[in-house]
$ cat work_6.pdb   # PDB, C-alpha atoms
ATOM      1  CA  MET Q  29      43.095   5.718 -12.191
ATOM      2  CA  VAL Q  30      45.455   7.197 -14.749
ATOM      3  CA  PHE Q  31      44.921   6.294 -18.399
ATOM      4  CA  THR Q  32      47.636   6.530 -20.988
ATOM      5  CA  SER Q  33      45.251   6.639 -23.947
ATOM      6  CA  ALA Q  34      41.736   7.858 -24.655
ATOM      7  CA  VAL Q  35      40.632   4.338 -25.675
ATOM      8  CA  ASN Q  36      41.271   2.952 -22.198
ATOM      9  CA  PHE Q  37      39.541   5.948 -20.644
ATOM     10  CA  ILE Q  38      36.408   5.451 -22.761
ATOM     11  CA  ARG Q  39      36.238   1.693 -22.133
ATOM     12  CA  SER Q  40      36.578   2.078 -18.378
ATOM     13  CA  ARG Q  41      33.226   2.078 -16.646
ATOM     14  CA  GLY Q  42      34.632   2.248 -13.153
ATOM     15  CA  PRO Q  43      32.831   3.653 -10.134
ATOM     16  CA  ASP Q  44      30.021   5.374 -12.055
ATOM     17  CA  GLU Q  45      28.565   2.075 -13.177
ATOM     18  CA  PHE Q  46      28.904   0.619  -9.677
ATOM     19  CA  TRP Q  47      26.952   3.437  -8.046
ATOM     20  CA  ARG Q  48      24.302   3.467 -10.784
ATOM     21  CA  LYS Q  49      23.709  -0.260 -10.313
ATOM     22  CA  ARG Q  50      23.839   0.057  -6.545
ATOM     23  CA  LYS Q  51      21.032   2.619  -6.639
ATOM     24  CA  ILE Q  52      18.825   0.150  -8.535
ATOM     25  CA  PHE Q  53      19.807  -2.789  -6.316
ATOM     26  CA  LYS Q  54      18.911  -0.779  -3.207
ATOM     27  CA  LEU Q  55      15.431  -0.176  -4.631
ATOM     28  CA  ALA Q  56      15.145  -3.896  -5.462
ATOM     29  CA  ALA Q  57      16.457  -5.125  -2.099
ATOM     30  CA  HIS Q  58      13.097  -6.470  -0.943
ATOM     31  CA  TYR Q  59      12.458  -8.579  -4.067
ATOM     32  CA  PHE Q  60      12.853 -12.379  -4.146
ATOM     33  CA  GLY Q  61      15.071 -14.365  -6.478
ATOM     34  CA  ARG Q  62      16.699 -13.067  -9.644
ATOM     35  CA  PRO Q  63      14.984  -9.666  -9.736
ATOM     36  CA  ARG Q  64      16.907  -8.905  -6.583
ATOM     37  CA  ASN Q  65      20.331  -9.984  -7.836
ATOM     38  CA  CYS Q  66      20.256  -9.710 -11.638
ATOM     39  CA  TYR Q  67      20.606  -6.119 -12.842
ATOM     40  CA  SER Q  68      18.676  -6.494 -16.101
ATOM     41  CA  LEU Q  69      15.688  -7.979 -14.264
ATOM     42  CA  SER Q  70      15.882  -5.662 -11.285
ATOM     43  CA  ILE Q  71      15.886  -2.515 -13.408
ATOM     44  CA  ARG Q  72      12.698  -3.657 -15.191
ATOM     45  CA  ASN Q  73      10.941  -4.443 -11.941
ATOM     46  CA  VAL Q  74      12.083  -1.236 -10.239
ATOM     47  CA  GLN Q  75      10.894   0.900 -13.168
ATOM     48  CA  ARG Q  76       7.505  -0.820 -13.105
ATOM     49  CA  ALA Q  77       7.244  -0.375  -9.334
ATOM     50  CA  LEU Q  78       8.087   3.330  -9.573
ATOM     51  CA  ALA Q  79       5.455   3.805 -12.297
ATOM     52  CA  TYR Q  80       2.823   2.108 -10.120
ATOM     53  CA  ALA Q  81       3.860   4.213  -7.147
ATOM     54  CA  THR Q  82       3.362   7.399  -9.184
ATOM     55  CA  LYS Q  83      -0.114   6.300 -10.260
ATOM     56  CA  GLY Q  84      -0.893   5.141  -6.729
ATOM     57  CA  ARG Q  85      -0.218   8.554  -5.210
ATOM     58  CA  LYS Q  86      -2.836  10.143  -7.461
ATOM     59  CA  LEU Q  87      -5.335   7.332  -6.892
ATOM     60  CA  LYS Q  88      -4.884   7.613  -3.124
ATOM     61  CA  LYS Q  89      -5.834  11.294  -3.230
ATOM     62  CA  ILE Q  90      -8.960  10.502  -5.272
ATOM     63  CA  ASP Q  91      -9.918   7.656  -2.925
ATOM     64  CA  MET Q  92      -9.519   9.828   0.157
ATOM     65  CA  LEU Q  93     -11.636  12.604  -1.387
ATOM     66  CA  ASP Q  94     -14.391  10.084  -2.155
ATOM     67  CA  LEU Q  95     -14.185   8.679   1.368
ATOM     68  CA  TRP Q  96     -14.460  12.119   2.961
ATOM     69  CA  THR Q  97     -17.421  13.033   0.753
ATOM     70  CA  THR Q  98     -19.180   9.774   1.632
ATOM     71  CA  ARG Q  99     -18.665  10.321   5.349
ATOM     72  CA  ILE Q 100     -19.939  13.902   5.235
ATOM     73  CA  THR Q 101     -22.942  12.890   3.130
ATOM     74  CA  ALA Q 102     -23.835  10.116   5.575
ATOM     75  CA  ALA Q 103     -23.565  12.483   8.536
ATOM     76  CA  CYS Q 104     -25.673  15.101   6.737
ATOM     77  CA  ASN Q 105     -28.332  12.503   5.967
ATOM     78  CA  GLN Q 106     -28.329  11.535   9.637
ATOM     79  CA  HIS Q 107     -29.069  15.170  10.556
ATOM     80  CA  GLU Q 108     -31.652  15.569   7.746
ATOM     81  CA  ILE Q 109     -29.863  18.064   5.517
ATOM     82  CA  GLU Q 110     -28.598  17.590   1.992
ATOM     83  CA  TYR Q 111     -24.854  17.698   1.438
ATOM     84  CA  GLY Q 112     -25.033  20.432  -1.211
ATOM     85  CA  ILE Q 113     -27.157  22.698   0.944
ATOM     86  CA  PHE Q 114     -24.902  22.032   3.928
ATOM     87  CA  LYS Q 115     -21.767  22.942   1.993
ATOM     88  CA  THR Q 116     -23.188  26.082   0.358
ATOM     89  CA  SER Q 117     -24.722  27.303   3.633
ATOM     90  CA  LEU Q 118     -21.416  26.945   5.455
ATOM     91  CA  ARG Q 119     -19.611  28.745   2.640
ATOM     92  CA  ASP Q 120     -22.142  31.607   2.667
ATOM     93  CA  LEU Q 121     -21.732  31.959   6.422
ATOM     94  CA  GLY Q 122     -17.955  32.177   6.085
ATOM     95  CA  ILE Q 123     -17.264  28.828   7.753
ATOM     96  CA  LEU Q 124     -14.459  27.605   5.523
ATOM     97  CA  LEU Q 125     -13.766  24.013   6.542
ATOM     98  CA  ASN Q 126     -12.420  21.542   4.001
ATOM     99  CA  LYS Q 127     -13.731  18.019   3.430
ATOM    100  CA  LYS Q 128     -11.080  16.372   5.584
ATOM    101  CA  VAL Q 129     -11.890  18.496   8.617
ATOM    102  CA  LEU Q 130     -15.640  18.085   8.145
ATOM    103  CA  SER Q 131     -15.180  14.324   7.820
ATOM    104  CA  ASP Q 132     -13.130  14.189  11.019
ATOM    105  CA  LEU Q 133     -15.745  16.254  12.828
ATOM    106  CA  ALA Q 134     -18.501  13.957  11.604
ATOM    107  CA  ILE Q 135     -16.689  10.903  12.969
ATOM    108  CA  TRP Q 136     -14.935  12.066  16.133
ATOM    109  CA  GLU Q 137     -16.942  15.148  17.188
ATOM    110  CA  PRO Q 138     -20.619  14.384  16.433
ATOM    111  CA  TYR Q 139     -21.944  17.188  18.640
ATOM    112  CA  SER Q 140     -19.773  19.767  16.886
ATOM    113  CA  PHE Q 141     -20.941  18.454  13.524
ATOM    114  CA  LYS Q 142     -24.545  18.608  14.744
ATOM    115  CA  ALA Q 143     -24.001  22.259  15.636
ATOM    116  CA  LEU Q 144     -22.664  22.913  12.134
ATOM    117  CA  THR Q 145     -25.681  21.208  10.564
ATOM    118  CA  ASP Q 146     -28.029  23.280  12.740
ATOM    119  CA  ILE Q 147     -26.282  26.470  11.640
ATOM    120  CA  ALA Q 148     -26.478  25.376   8.002
ATOM    121  CA  LYS Q 149     -30.189  24.527   8.373
ATOM    122  CA  ARG Q 150     -30.881  27.950   9.875
ATOM    123  CA  LYS Q 151     -29.055  29.623   6.978
ATOM    124  CA  ALA Q 152     -31.027  27.509   4.499
ATOM    125  CA  LEU Q 153     -34.286  28.545   6.192
ATOM    126  CA  ASP Q 154     -33.246  32.210   6.108
ATOM    127  CA  ASP Q 155     -32.514  31.886   2.399
ATOM    128  CA  GLY Q 156     -35.861  30.172   1.823
ATOM    129  CA  LEU Q 157     -34.573  26.836   0.584
ATOM    130  CA  PRO Q 158     -37.449  24.332   0.497
ATOM    131  CA  SER Q 159     -35.506  21.233   1.506
ATOM    132  CA  ILE Q 160     -35.518  21.963   5.252
ATOM    133  CA  LYS Q 161     -38.650  20.364   6.750
ATOM    134  CA  ASN Q 162     -38.385  20.613  10.521
ATOM    135  CA  GLU Q 163     -38.122  24.256  11.578
ATOM    136  CA  THR Q 164     -38.543  23.735  15.306
ATOM    137  CA  GLU Q 165     -35.170  22.111  15.983
ATOM    138  CA  VAL Q 166     -33.226  25.018  14.513
ATOM    139  CA  SER Q 167     -35.310  27.774  16.136
ATOM    140  CA  ARG Q 168     -32.671  28.164  18.860
ATOM    141  CA  ILE Q 169     -30.000  29.167  16.312
ATOM    142  CA  ILE Q 170     -29.529  32.907  15.756
ATOM    143  CA  THR Q 171     -27.724  34.168  12.664
ATOM    144  CA  ARG Q 172     -26.730  37.633  11.477
ATOM    145  CA  GLY Q 173     -29.505  37.505   8.904
ATOM    146  CA  MET Q 174     -32.088  37.078  11.639
ATOM    147  CA  LEU Q 175     -30.661  39.966  13.651
ATOM    148  CA  SER Q 176     -30.786  42.398  10.750
ATOM    149  CA  THR Q 177     -34.416  41.548   9.847
ATOM    150  CA  HIS Q 178     -35.806  42.005  13.374
ATOM    151  CA  LYS Q 179     -34.498  45.572  13.952
TER     152      LYS Q 179
END
$ encode --input "work_6.pdb" --output "structure tokens"
Amino acid sequence: MVFTSAVNFIRSRGPDEFWRKRKIFKLAAHYFGRPRNCYSLSIRNVQRALAYATKGRKLKKIDMLDLWTTRITAACNQHEIEYGIFKTSLRDLGILLNKKVLSDLAIWEPYSFKALTDIAKRKALDDGLPSIKNETEVSRIITRGMLSTHK
């Protein structure tokens, strides 16, 4: 488009407005009724939806962390060890598994998780933590701390 004066150039909205509106209408394509077709309504609804989506991403992370912690705690209770002792014992032994991996192990690999709890119980016994009651089931576990004390 060629404009003969600056006034016509300024008043022309042209393709920029079309593409700006199209971007909003694409985001509002799944709405029903006027919010889908009316720009002033669709922009309000799209902005609200994007704000909720931003909040939702953070809330999803928090929810997943809580879920993983609950699953690990339940599995630890099943194997008679406290979650805090389990986590600190694994960290002291250099077994650096995050909550997601531990949660997956607790659900899908119960024998592997049982082995981890036995190792953590043995470490807790070596450190003299009083919360471990049954010593006989972890007597088959050998740790570095046990090897260095028996030399």
$ residues_near_point --input "work_6.pdb" --point "(16.2, -8.8, -7.7)" --cutoff "10 Å" --atoms "all atoms listed in the file" --output "count of residues only"
23
$ closest_residue --input "work_6.pdb" --among "Q:Ser131, Q:Thr145, Q:Asn126, Q:Thr82" --to "Q:Arg99" --atoms "only C-alpha atoms"
Q:Ser131
$ closest_residue --input "work_6.pdb" --among "Q:Phe114, Q:Trp136, Q:Arg119, Q:Ala81" --to "Q:Ala152" --atoms "all atoms listed in the file"
Q:Phe114
$ residues_near_point --input "work_6.pdb" --point "(-25.8, 21.6, 10.3)" --cutoff "12 Å" --atoms "all atoms listed in the file" --output "ChimeraX atom specification"
/Q:100-101,103-118,121,123,130,133-134,138-153,160,165-166,169
$ write_last_selection --input "work_6.pdb" --atoms "C-alpha atoms" --output "PDB file, keeping the file's coordinate frame"
ATOM      1  CA  ILE Q 100     -19.939  13.902   5.235  1.00  0.00           C
ATOM      2  CA  THR Q 101     -22.942  12.890   3.130  1.00  0.00           C
ATOM      3  CA  ALA Q 103     -23.565  12.483   8.536  1.00  0.00           C
ATOM      4  CA  CYS Q 104     -25.673  15.101   6.737  1.00  0.00           C
ATOM      5  CA  ASN Q 105     -28.332  12.503   5.967  1.00  0.00           C
ATOM      6  CA  GLN Q 106     -28.329  11.535   9.637  1.00  0.00           C
ATOM      7  CA  HIS Q 107     -29.069  15.170  10.556  1.00  0.00           C
ATOM      8  CA  GLU Q 108     -31.652  15.569   7.746  1.00  0.00           C
ATOM      9  CA  ILE Q 109     -29.863  18.064   5.517  1.00  0.00           C
ATOM     10  CA  GLU Q 110     -28.598  17.590   1.992  1.00  0.00           C
ATOM     11  CA  TYR Q 111     -24.854  17.698   1.438  1.00  0.00           C
ATOM     12  CA  GLY Q 112     -25.033  20.432  -1.211  1.00  0.00           C
ATOM     13  CA  ILE Q 113     -27.157  22.698   0.944  1.00  0.00           C
ATOM     14  CA  PHE Q 114     -24.902  22.032   3.928  1.00  0.00           C
ATOM     15  CA  LYS Q 115     -21.767  22.942   1.993  1.00  0.00           C
ATOM     16  CA  THR Q 116     -23.188  26.082   0.358  1.00  0.00           C
ATOM     17  CA  SER Q 117     -24.722  27.303   3.633  1.00  0.00           C
ATOM     18  CA  LEU Q 118     -21.416  26.945   5.455  1.00  0.00           C
ATOM     19  CA  LEU Q 121     -21.732  31.959   6.422  1.00  0.00           C
ATOM     20  CA  ILE Q 123     -17.264  28.828   7.753  1.00  0.00           C
ATOM     21  CA  LEU Q 130     -15.640  18.085   8.145  1.00  0.00           C
ATOM     22  CA  LEU Q 133     -15.745  16.254  12.828  1.00  0.00           C
ATOM     23  CA  ALA Q 134     -18.501  13.957  11.604  1.00  0.00           C
ATOM     24  CA  PRO Q 138     -20.619  14.384  16.433  1.00  0.00           C
ATOM     25  CA  TYR Q 139     -21.944  17.188  18.640  1.00  0.00           C
ATOM     26  CA  SER Q 140     -19.773  19.767  16.886  1.00  0.00           C
ATOM     27  CA  PHE Q 141     -20.941  18.454  13.524  1.00  0.00           C
ATOM     28  CA  LYS Q 142     -24.545  18.608  14.744  1.00  0.00           C
ATOM     29  CA  ALA Q 143     -24.001  22.259  15.636  1.00  0.00           C
ATOM     30  CA  LEU Q 144     -22.664  22.913  12.134  1.00  0.00           C
ATOM     31  CA  THR Q 145     -25.681  21.208  10.564  1.00  0.00           C
ATOM     32  CA  ASP Q 146     -28.029  23.280  12.740  1.00  0.00           C
ATOM     33  CA  ILE Q 147     -26.282  26.470  11.640  1.00  0.00           C
ATOM     34  CA  ALA Q 148     -26.478  25.376   8.002  1.00  0.00           C
ATOM     35  CA  LYS Q 149     -30.189  24.527   8.373  1.00  0.00           C
ATOM     36  CA  ARG Q 150     -30.881  27.950   9.875  1.00  0.00           C
ATOM     37  CA  LYS Q 151     -29.055  29.623   6.978  1.00  0.00           C
ATOM     38  CA  ALA Q 152     -31.027  27.509   4.499  1.00  0.00           C
ATOM     39  CA  LEU Q 153     -34.286  28.545   6.192  1.00  0.00           C
ATOM     40  CA  ILE Q 160     -35.518  21.963   5.252  1.00  0.00           C
ATOM     41  CA  GLU Q 165     -35.170  22.111  15.983  1.00  0.00           C
ATOM     42  CA  VAL Q 166     -33.226  25.018  14.513  1.00  0.00           C
ATOM     43  CA  ILE Q 169     -30.000  29.167  16.312  1.00  0.00           C
TER      44      ILE Q 169
END
$ atom_distance --input "work_6.pdb" --atom1 "atom CA of Q:Asp155" --atom2 "atom CA of Q:Gly122"
15.0 Å
$ atom_distance --input "work_6.pdb" --atom1 "atom CA of Q:Gly84" --atom2 "atom CA of Q:Lys127"
20.8 Å
$ atom_distance --input "work_6.pdb" --atom1 "atom CA of Q:Asp94" --atom2 "atom CA of Q:Gln75"
29.1 Å
$ axis_aligned_box --input "work_6.pdb" --around "stretch 94-111 of chain Q" --padding-each-side "4 Å" --output "lines of an AutoDock Vina configuration file"
center_x = -22.9
center_y = 13.4
center_z = 4.2
size_x = 25.5
size_y = 17.4
size_z = 20.7
$ build_atoms --input "work_6.pdb" --residues "stretch 69-88 of chain Q" --atoms "N, CA, C and O atoms" --output "PDB file, in the frame of the given file"
ATOM      1  N   LEU Q  69      17.035  -7.713 -14.767  1.00  0.00           N
ATOM      2  CA  LEU Q  69      15.688  -7.979 -14.264  1.00  0.00           C
ATOM      3  C   LEU Q  69      15.279  -6.962 -13.199  1.00  0.00           C
ATOM      4  O   LEU Q  69      14.126  -6.526 -13.147  1.00  0.00           O
ATOM      5  N   SER Q  70      16.221  -6.579 -12.369  1.00  0.00           N
ATOM      6  CA  SER Q  70      15.882  -5.662 -11.285  1.00  0.00           C
ATOM      7  C   SER Q  70      15.530  -4.281 -11.829  1.00  0.00           C
ATOM      8  O   SER Q  70      14.628  -3.627 -11.299  1.00  0.00           O
ATOM      9  N   ILE Q  71      16.190  -3.849 -12.893  1.00  0.00           N
ATOM     10  CA  ILE Q  71      15.886  -2.515 -13.408  1.00  0.00           C
ATOM     11  C   ILE Q  71      14.485  -2.489 -14.008  1.00  0.00           C
ATOM     12  O   ILE Q  71      13.746  -1.513 -13.863  1.00  0.00           O
ATOM     13  N   ARG Q  72      14.063  -3.582 -14.651  1.00  0.00           N
ATOM     14  CA  ARG Q  72      12.698  -3.657 -15.191  1.00  0.00           C
ATOM     15  C   ARG Q  72      11.665  -3.593 -14.078  1.00  0.00           C
ATOM     16  O   ARG Q  72      10.690  -2.849 -14.148  1.00  0.00           O
ATOM     17  N   ASN Q  73      11.895  -4.398 -13.046  1.00  0.00           N
ATOM     18  CA  ASN Q  73      10.941  -4.443 -11.941  1.00  0.00           C
ATOM     19  C   ASN Q  73      10.897  -3.132 -11.153  1.00  0.00           C
ATOM     20  O   ASN Q  73       9.821  -2.696 -10.710  1.00  0.00           O
ATOM     21  N   VAL Q  74      12.040  -2.499 -10.974  1.00  0.00           N
ATOM     22  CA  VAL Q  74      12.083  -1.236 -10.239  1.00  0.00           C
ATOM     23  C   VAL Q  74      11.368  -0.144 -11.034  1.00  0.00           C
ATOM     24  O   VAL Q  74      10.596   0.644 -10.470  1.00  0.00           O
ATOM     25  N   GLN Q  75      11.581  -0.107 -12.350  1.00  0.00           N
ATOM     26  CA  GLN Q  75      10.894   0.900 -13.168  1.00  0.00           C
ATOM     27  C   GLN Q  75       9.386   0.706 -13.127  1.00  0.00           C
ATOM     28  O   GLN Q  75       8.627   1.669 -13.033  1.00  0.00           O
ATOM     29  N   ARG Q  76       8.935  -0.542 -13.178  1.00  0.00           N
ATOM     30  CA  ARG Q  76       7.505  -0.820 -13.105  1.00  0.00           C
ATOM     31  C   ARG Q  76       6.956  -0.407 -11.737  1.00  0.00           C
ATOM     32  O   ARG Q  76       5.882   0.198 -11.641  1.00  0.00           O
ATOM     33  N   ALA Q  77       7.698  -0.727 -10.681  1.00  0.00           N
ATOM     34  CA  ALA Q  77       7.244  -0.375  -9.334  1.00  0.00           C
ATOM     35  C   ALA Q  77       7.155   1.139  -9.154  1.00  0.00           C
ATOM     36  O   ALA Q  77       6.202   1.645  -8.539  1.00  0.00           O
ATOM     37  N   LEU Q  78       8.124   1.873  -9.691  1.00  0.00           N
ATOM     38  CA  LEU Q  78       8.087   3.330  -9.573  1.00  0.00           C
ATOM     39  C   LEU Q  78       6.924   3.923 -10.369  1.00  0.00           C
ATOM     40  O   LEU Q  78       6.303   4.904  -9.946  1.00  0.00           O
ATOM     41  N   ALA Q  79       6.604   3.331 -11.510  1.00  0.00           N
ATOM     42  CA  ALA Q  79       5.455   3.805 -12.297  1.00  0.00           C
ATOM     43  C   ALA Q  79       4.155   3.573 -11.535  1.00  0.00           C
ATOM     44  O   ALA Q  79       3.279   4.442 -11.494  1.00  0.00           O
ATOM     45  N   TYR Q  80       4.017   2.393 -10.913  1.00  0.00           N
ATOM     46  CA  TYR Q  80       2.823   2.108 -10.120  1.00  0.00           C
ATOM     47  C   TYR Q  80       2.730   3.029  -8.906  1.00  0.00           C
ATOM     48  O   TYR Q  80       1.642   3.443  -8.509  1.00  0.00           O
ATOM     49  N   ALA Q  81       3.867   3.330  -8.311  1.00  0.00           N
ATOM     50  CA  ALA Q  81       3.860   4.213  -7.147  1.00  0.00           C
ATOM     51  C   ALA Q  81       3.393   5.616  -7.535  1.00  0.00           C
ATOM     52  O   ALA Q  81       2.661   6.265  -6.777  1.00  0.00           O
ATOM     53  N   THR Q  82       3.793   6.080  -8.717  1.00  0.00           N
ATOM     54  CA  THR Q  82       3.362   7.399  -9.184  1.00  0.00           C
ATOM     55  C   THR Q  82       1.855   7.416  -9.403  1.00  0.00           C
ATOM     56  O   THR Q  82       1.167   8.341  -8.979  1.00  0.00           O
ATOM     57  N   LYS Q  83       1.331   6.380 -10.051  1.00  0.00           N
ATOM     58  CA  LYS Q  83      -0.114   6.300 -10.260  1.00  0.00           C
ATOM     59  C   LYS Q  83      -0.842   6.176  -8.923  1.00  0.00           C
ATOM     60  O   LYS Q  83      -1.905   6.762  -8.728  1.00  0.00           O
ATOM     61  N   GLY Q  84      -0.259   5.390  -8.017  1.00  0.00           N
ATOM     62  CA  GLY Q  84      -0.893   5.141  -6.729  1.00  0.00           C
ATOM     63  C   GLY Q  84      -1.060   6.390  -5.891  1.00  0.00           C
ATOM     64  O   GLY Q  84      -2.032   6.525  -5.154  1.00  0.00           O
ATOM     65  N   ARG Q  85      -0.105   7.317  -5.984  1.00  0.00           N
ATOM     66  CA  ARG Q  85      -0.218   8.554  -5.210  1.00  0.00           C
ATOM     67  C   ARG Q  85      -1.429   9.364  -5.656  1.00  0.00           C
ATOM     68  O   ARG Q  85      -2.146   9.933  -4.838  1.00  0.00           O
ATOM     69  N   LYS Q  86      -1.671   9.415  -6.964  1.00  0.00           N
ATOM     70  CA  LYS Q  86      -2.836  10.143  -7.461  1.00  0.00           C
ATOM     71  C   LYS Q  86      -4.130   9.424  -7.089  1.00  0.00           C
ATOM     72  O   LYS Q  86      -5.116  10.052  -6.694  1.00  0.00           O
ATOM     73  N   LEU Q  87      -4.135   8.099  -7.218  1.00  0.00           N
ATOM     74  CA  LEU Q  87      -5.335   7.332  -6.892  1.00  0.00           C
ATOM     75  C   LEU Q  87      -5.671   7.425  -5.407  1.00  0.00           C
ATOM     76  O   LEU Q  87      -6.847   7.435  -5.025  1.00  0.00           O
ATOM     77  N   LYS Q  88      -4.649   7.500  -4.562  1.00  0.00           N
ATOM     78  CA  LYS Q  88      -4.884   7.613  -3.124  1.00  0.00           C
ATOM     79  C   LYS Q  88      -5.591   8.925  -2.796  1.00  0.00           C
ATOM     80  O   LYS Q  88      -6.513   8.949  -1.973  1.00  0.00           O
TER      81      LYS Q  88
END
